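Engineer: Contents are compact mmCIF, C-alpha atoms and all ligand atoms; file name input36.txt:
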```txt
# COMPACT_ATOMS: atom_id res chain seq x y z
CA MET A 160 26.43 -11.51 -12.34
CA ASP A 161 27.11 -8.41 -10.28
CA TYR A 162 24.30 -7.49 -7.85
CA PHE A 163 23.70 -4.07 -9.42
CA GLU A 164 23.55 -5.61 -12.91
CA VAL A 165 20.84 -7.95 -11.62
CA ILE A 166 18.88 -4.99 -10.23
CA GLU A 167 19.35 -2.89 -13.34
CA GLU A 168 18.44 -5.61 -15.84
CA ARG A 169 15.46 -7.13 -14.08
CA ARG A 170 12.11 -6.68 -15.83
CA SER A 171 8.92 -8.72 -15.61
CA ILE A 172 9.18 -11.51 -18.17
CA ARG A 173 5.95 -13.24 -19.19
CA LYS A 174 7.10 -15.33 -22.17
CA TYR A 175 9.37 -18.30 -21.64
CA GLU A 176 11.32 -20.90 -23.59
CA GLN A 177 9.97 -24.38 -23.15
CA ARG A 178 13.22 -25.91 -21.92
CA PRO A 179 12.98 -27.11 -18.34
CA ILE A 180 14.92 -25.51 -15.52
CA ALA A 181 17.69 -27.81 -14.30
CA GLU A 182 17.41 -29.24 -10.79
CA GLU A 183 20.68 -27.55 -9.81
CA ILE A 184 19.17 -24.14 -10.64
CA ILE A 185 16.01 -24.96 -8.69
CA GLN A 186 18.17 -25.86 -5.69
CA LYS A 187 20.00 -22.53 -5.96
CA LEU A 188 16.71 -20.67 -6.02
CA ALA A 189 15.52 -22.60 -2.98
CA ALA A 190 18.70 -21.93 -1.04
CA SER A 191 18.42 -18.25 -1.92
CA VAL A 192 14.81 -17.70 -0.84
CA LEU A 193 15.40 -19.51 2.44
CA ARG A 194 17.95 -16.81 3.30
CA ALA A 195 15.35 -14.03 3.04
CA PRO A 196 14.84 -11.88 6.12
CA SER A 197 11.64 -12.43 8.07
CA SER A 198 9.91 -10.58 10.85
CA ARG A 199 9.54 -11.22 14.57
CA GLY A 200 13.12 -12.35 14.94
CA GLY A 201 13.03 -14.59 11.88
CA ARG A 202 9.89 -16.66 12.24
CA ARG A 203 9.97 -17.70 8.57
CA PRO A 204 6.22 -18.14 8.22
CA TRP A 205 6.52 -18.91 4.50
CA GLU A 206 5.94 -22.08 2.50
CA PHE A 207 6.94 -22.49 -1.14
CA VAL A 208 5.34 -24.96 -3.53
CA ILE A 209 7.44 -25.48 -6.66
CA VAL A 210 5.26 -26.62 -9.56
CA THR A 211 6.58 -28.00 -12.86
CA ASP A 212 3.67 -30.25 -13.81
CA ARG A 213 2.16 -28.79 -17.00
CA LYS A 214 -1.41 -29.64 -16.08
CA MET A 215 -1.09 -28.02 -12.68
CA LEU A 216 0.58 -24.95 -14.21
CA GLY A 217 -2.43 -24.65 -16.54
CA LYS A 218 -4.79 -24.77 -13.58
CA LEU A 219 -2.80 -22.19 -11.62
CA ALA A 220 -2.82 -19.94 -14.70
CA VAL A 221 -6.61 -19.58 -14.46
CA ALA A 222 -6.67 -18.72 -10.76
CA ARG A 223 -7.89 -15.19 -11.54
CA SER A 224 -9.41 -15.31 -15.00
CA LYS A 225 -10.92 -17.65 -17.56
CA GLU A 226 -8.11 -16.70 -19.93
CA PRO A 227 -4.90 -18.39 -18.76
CA SER A 228 -2.19 -16.04 -17.54
CA PHE A 229 1.53 -16.22 -18.37
CA VAL A 230 1.88 -18.96 -15.74
CA MET A 231 0.49 -21.33 -18.39
CA GLY A 232 3.61 -20.93 -20.56
CA ALA A 233 6.17 -21.16 -17.76
CA PRO A 234 8.15 -24.34 -17.16
CA LEU A 235 8.09 -23.65 -13.42
CA ALA A 236 6.10 -21.63 -10.92
CA VAL A 237 6.57 -21.04 -7.23
CA VAL A 238 3.42 -20.65 -5.17
CA VAL A 239 4.36 -18.41 -2.25
CA GLY A 240 2.29 -18.66 0.89
CA ALA A 241 2.68 -18.01 4.59
CA ASP A 242 1.12 -19.18 7.83
CA GLU A 243 -0.94 -16.24 9.03
CA ARG A 244 -0.99 -17.70 12.54
CA ALA A 245 2.79 -17.51 12.75
CA CYS A 246 3.12 -13.82 12.16
CA ASP A 247 0.98 -10.67 11.92
CA VAL A 248 3.14 -9.31 9.10
CA TRP A 249 3.21 -12.44 6.97
CA ILE A 250 2.38 -10.35 3.89
CA GLU A 251 5.67 -8.51 4.20
CA ASP A 252 7.55 -11.76 4.80
CA ALA A 253 5.95 -13.41 1.78
CA SER A 254 6.52 -10.34 -0.41
CA ILE A 255 10.21 -10.19 0.46
CA ALA A 256 10.48 -13.88 -0.40
CA CYS A 257 8.88 -13.18 -3.79
CA THR A 258 11.45 -10.47 -4.41
CA TYR A 259 14.27 -12.85 -3.50
CA ILE A 260 12.93 -15.39 -5.99
CA LEU A 261 12.68 -12.82 -8.79
CA LEU A 262 16.13 -11.34 -8.23
CA SER A 263 17.81 -14.73 -7.76
CA ALA A 264 16.12 -15.96 -10.93
CA GLN A 265 17.51 -12.96 -12.80
CA ALA A 266 21.01 -13.71 -11.50
CA LEU A 267 20.64 -17.30 -12.72
CA GLY A 268 19.70 -16.22 -16.26
CA LEU A 269 15.98 -16.79 -15.82
CA GLY A 270 13.10 -14.37 -16.30
CA GLY A 271 10.04 -14.23 -14.11
CA CYS A 272 6.86 -12.44 -13.22
CA TRP A 273 4.67 -12.09 -10.15
CA MET A 274 1.02 -13.13 -10.43
CA GLN A 275 -0.91 -11.62 -7.55
CA ILE A 276 -3.24 -14.03 -5.74
CA ARG A 277 -4.02 -12.44 -2.35
CA GLU A 278 -6.99 -10.04 -2.54
CA ARG A 279 -7.91 -11.23 -6.03
CA LYS A 280 -11.00 -13.17 -7.10
CA HIS A 281 -11.37 -16.35 -9.13
CA PRO A 282 -13.91 -16.06 -12.00
CA ASP A 283 -16.39 -18.21 -10.04
CA GLY A 284 -16.54 -15.52 -7.32
CA ARG A 285 -14.35 -17.28 -4.75
CA TRP A 286 -11.12 -15.79 -3.55
CA ALA A 287 -8.24 -16.82 -5.81
CA GLU A 288 -6.44 -17.92 -2.64
CA ALA A 289 -9.20 -20.46 -1.91
CA TYR A 290 -8.96 -21.79 -5.46
CA VAL A 291 -5.16 -22.23 -5.21
CA ARG A 292 -5.41 -23.83 -1.76
CA GLU A 293 -7.92 -26.35 -3.04
CA LEU A 294 -5.83 -27.14 -6.13
CA LEU A 295 -2.69 -27.80 -4.09
CA ASP A 296 -4.46 -29.27 -1.07
CA LEU A 297 -3.13 -26.59 1.27
CA PRO A 298 -4.53 -25.94 4.76
CA SER A 299 -6.73 -22.90 5.39
CA HIS A 300 -4.16 -21.14 7.61
CA LEU A 301 -1.78 -21.02 4.65
CA ARG A 302 -2.38 -17.64 3.01
CA VAL A 303 -1.37 -17.44 -0.63
CA GLN A 304 0.38 -14.26 -1.61
CA ALA A 305 1.48 -14.85 -5.19
CA ILE A 306 2.56 -17.24 -7.88
CA ILE A 307 5.97 -16.48 -9.36
CA ALA A 308 6.32 -17.82 -12.90
CA LEU A 309 9.88 -18.54 -14.02
CA GLY A 310 11.64 -19.68 -17.17
CA TYR A 311 14.34 -18.84 -19.68
CA PRO A 312 13.18 -15.58 -21.31
CA ALA A 313 11.52 -15.76 -24.72
CA GLU A 314 11.05 -11.99 -24.80
CA ALA A 315 13.57 -9.20 -24.44
CA LYS A 316 12.88 -6.13 -22.37
CA GLU A 317 15.02 -3.06 -22.15
CA PRO A 318 16.27 -2.20 -18.67
CA TYR A 319 15.04 1.13 -17.33
CA ASN A 320 17.28 4.05 -18.26
CA ALA A 321 18.70 5.97 -15.32
CA GLU A 322 17.22 9.12 -16.92
CA GLU A 323 13.71 7.64 -16.84
CA LEU A 324 13.68 6.75 -13.16
CA PRO A 325 11.15 8.69 -11.03
CA VAL A 326 13.86 10.49 -9.12
CA GLY A 327 11.26 12.84 -7.63
CA LYS A 328 10.25 9.99 -5.32
CA ILE A 329 13.56 10.13 -3.47
CA HIS A 330 13.61 12.79 -0.79
CA ARG A 331 16.57 14.07 1.14
CA GLU A 332 15.47 14.96 4.66
CA ASN A 333 12.07 16.35 5.67
CA THR A 334 12.24 19.78 4.13
CA PRO A 335 9.02 21.70 3.23
CA ALA A 336 9.86 21.20 -0.44
CA ALA A 337 10.10 17.44 0.07
CA SER A 338 6.74 17.37 1.92
CA ASN A 339 5.12 19.31 -0.92
CA ARG A 340 6.51 16.95 -3.50
CA ILE A 341 5.24 13.93 -1.56
CA ARG A 342 1.77 15.53 -1.24
CA SER A 343 1.58 16.24 -4.94
CA SER A 344 2.83 12.83 -6.01
CA GLY A 345 -0.76 11.50 -5.80
CA ASP A 346 -1.46 13.53 -8.88
CA GLY A 347 -0.61 10.52 -11.03
CA PRO A 348 -2.23 7.88 -13.21
CA PHE A 349 -4.52 6.69 -10.41
CA GLY A 350 -6.02 10.13 -9.83
CA SER A 351 -5.36 12.73 -7.22
CA PHE A 352 -5.80 11.30 -3.75
CA VAL A 353 -4.51 14.43 -2.04
CA LEU A 354 -4.79 18.04 -3.09
CA PRO A 355 -1.76 18.78 -5.20
CA THR A 356 0.21 21.71 -3.91
CA ALA A 357 3.37 21.95 -5.96
CA LYS A 358 4.39 19.98 -8.99
CA PRO A 359 7.39 17.73 -8.44
CA ALA A 360 10.54 19.60 -9.28
CA ILE A 361 12.45 18.54 -12.33
CA ALA A 362 15.74 17.25 -11.05
CA THR A 363 18.28 14.72 -12.06
CA PHE A 364 19.08 11.46 -10.34
CA ARG A 365 22.35 13.05 -9.30
CA ASP A 366 20.54 15.88 -7.49
CA TYR A 367 18.77 13.38 -5.27
CA VAL A 368 21.14 10.55 -4.82
CA PHE A 369 24.59 11.93 -5.39
CA PRO A 370 24.41 15.59 -4.32
CA LEU A 371 28.07 16.54 -4.34
CA SER A 372 27.37 19.54 -2.14
CA GLN A 373 25.29 17.52 0.28
CA ILE A 374 27.41 17.85 3.36
CA GLY A 375 25.64 20.28 5.65
CA ILE A 376 22.79 20.80 3.21
CA LEU A 377 19.44 19.15 3.84
CA CYS A 378 18.13 19.33 0.31
CA PRO A 379 19.64 20.45 -2.98
CA PRO A 380 19.06 24.21 -3.21
CA CYS A 381 17.52 23.89 -6.66
CA LEU A 382 14.65 21.86 -5.13
CA GLU A 383 14.11 24.12 -2.13
CA SER A 384 13.02 26.89 -4.46
CA ALA A 385 10.59 24.62 -6.32
C1 LIG B 401 2.74 -6.91 -5.84
C2 LIG B 401 2.85 -7.13 -7.33
C3 LIG B 401 1.81 -7.75 -7.98
C4 LIG B 401 1.91 -7.99 -9.35
N1 LIG B 401 0.91 -8.69 -9.96
C5 LIG B 401 0.98 -8.95 -11.27
C6 LIG B 401 -0.01 -9.72 -11.88
O1 LIG B 401 -0.94 -10.22 -11.24
N2 LIG B 401 0.09 -9.93 -13.22
C7 LIG B 401 1.14 -9.42 -13.96
O2 LIG B 401 1.16 -9.63 -15.17
N3 LIG B 401 2.14 -8.73 -13.38
C8 LIG B 401 2.08 -8.47 -12.06
N4 LIG B 401 3.09 -7.78 -11.44
C9 LIG B 401 4.24 -7.29 -12.22
C10 LIG B 401 4.07 -5.80 -12.53
O3 LIG B 401 3.07 -5.64 -13.52
C11 LIG B 401 5.41 -5.23 -13.01
O4 LIG B 401 6.37 -5.37 -11.98
C12 LIG B 401 5.28 -3.75 -13.38
O5 LIG B 401 4.48 -3.61 -14.52
C13 LIG B 401 6.63 -3.11 -13.67
O6 LIG B 401 7.29 -3.81 -14.70
P1 LIG B 401 8.74 -4.44 -14.47
O7 LIG B 401 8.59 -5.53 -13.43
O8 LIG B 401 9.14 -4.99 -15.81
O9 LIG B 401 9.64 -3.38 -13.97
C14 LIG B 401 3.04 -7.55 -10.07
C15 LIG B 401 4.08 -6.93 -9.40
C16 LIG B 401 4.00 -6.72 -8.05
C17 LIG B 401 5.17 -6.09 -7.32
```
Could you take the file, read its structure, and then write that structure out as structure tokens?
Structural biologist:
Amino acid sequence: MDYFEVIEERRSIRKYEQRPIAEEIIQKLAASVLRAPSSRGGRRPWEFVIVTDRKMLGKLAVARSKEPSFVMGAPLAVVVGADERACDVWIEDASIACTYILLSAQALGLGGCWMQIRERKHPDGRWAEAYVRELLDLPSHLRVQAIIALGYPAEAKEPYNAEELPVGKIHRENTPAASNRIRSSGDGPFGSFVLPTAKPAIATFRDYVFPLSQIGILCPPCLESA
């Protein structure tokens, strides 16, 4: 599958067929995630625990709630952690690894979804990380970022249309119009965290990403007047 097809077709998949994932595919996933970039000259602080045991998957599924999450129905999950002693930016390293797993899974015909563990609580009041560490007998320096559930998709999701993409989030150079758009972009579903100044301009993907008249122009003229 072409790289851009993988990117365009990826969606979070939370329902899976029950057929197991072949060992060969698991090996491909492993070889892929181990090629992920990592900080501090490539310290690779991550650790990956691949879980296929149904009972264990059921226990991981309730890491954050009494109701089991989608991890329950997955034939495989990867618990992604990192040694916080190895690197101050282990969160970034672990997050990039999660992305590698999700995109590689897509390229291999699998679907997957991220279940956030870090900064989330278990229903008994403990950190979800502590619950997962205890379940898998992991040491305390191993921080748990996420569980990535994977399986052959049992739900279909439409890729995002190019027309629906939030093109207003792409800014060409630091023009006043771009700064205004960035300031006002907090005026979204999570409330306004900065005073909105100007509404984002209505523009097409082409205006931002493929401005034909870009050479010598910092920002498409239609946006400068917004
Ligand atoms: C950091 C991060 C944490 C996420 N945590 C969860 C989660 O705990 N549960 C869940 O169902 N989906 C989770 N997701 C998936 C998002 O809900 C999903 O990516 C988003 O709704 C956009 O949908 P899409 O992936 O199909 O494009 C997470 C995604 C990211 C990047």
Engineer: Rounded to one decimal in Å, what is the spacing between atom CA of A:Trp273 and atom CA of A:Arg173?
Structural biologist: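 These two atoms are separated by 9.2 Å.
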Engineer: Hey, which of A:Lys328, A:Glu317, A:Thr334, A:Gly310 ends up closest to A:Gln265? Count all atoms listed in the file.
Structural biologist: A:Gly310
Engineer: For a test of reading the model, state the distance in Å between atom CA of A:Arg169 and atom O7 of ligand LIG 401 (chain B), rounded to one decimal.
Structural biologist: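 A separation of 7.1 Å between them.
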Engineer: Neighbours of ligand LIG 401 (chain B) within 10 Å, counting all atoms listed in the file, as number ranges by chain?
Structural biologist: A: 167-173, 223, 228-230, 254, 257-258, 261, 271-277, 279, 304-308, 316-319
Engineer: List the spatial neighbours of stretch 181-191 of chain A as a ChimeraX atom specification - criterion: any atom at most 9 Å away, all atoms listed in the file, same-chain residues fewer than 2 positions off excluded.
Structural biologist: /A:179,193-195,207,209,259-260,263-264,267
Engineer: Separation of atom CA of A:Trp249 and atom CA of A:Val210, in Å?
Structural biologist: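 So the answer is 21.9 Å.
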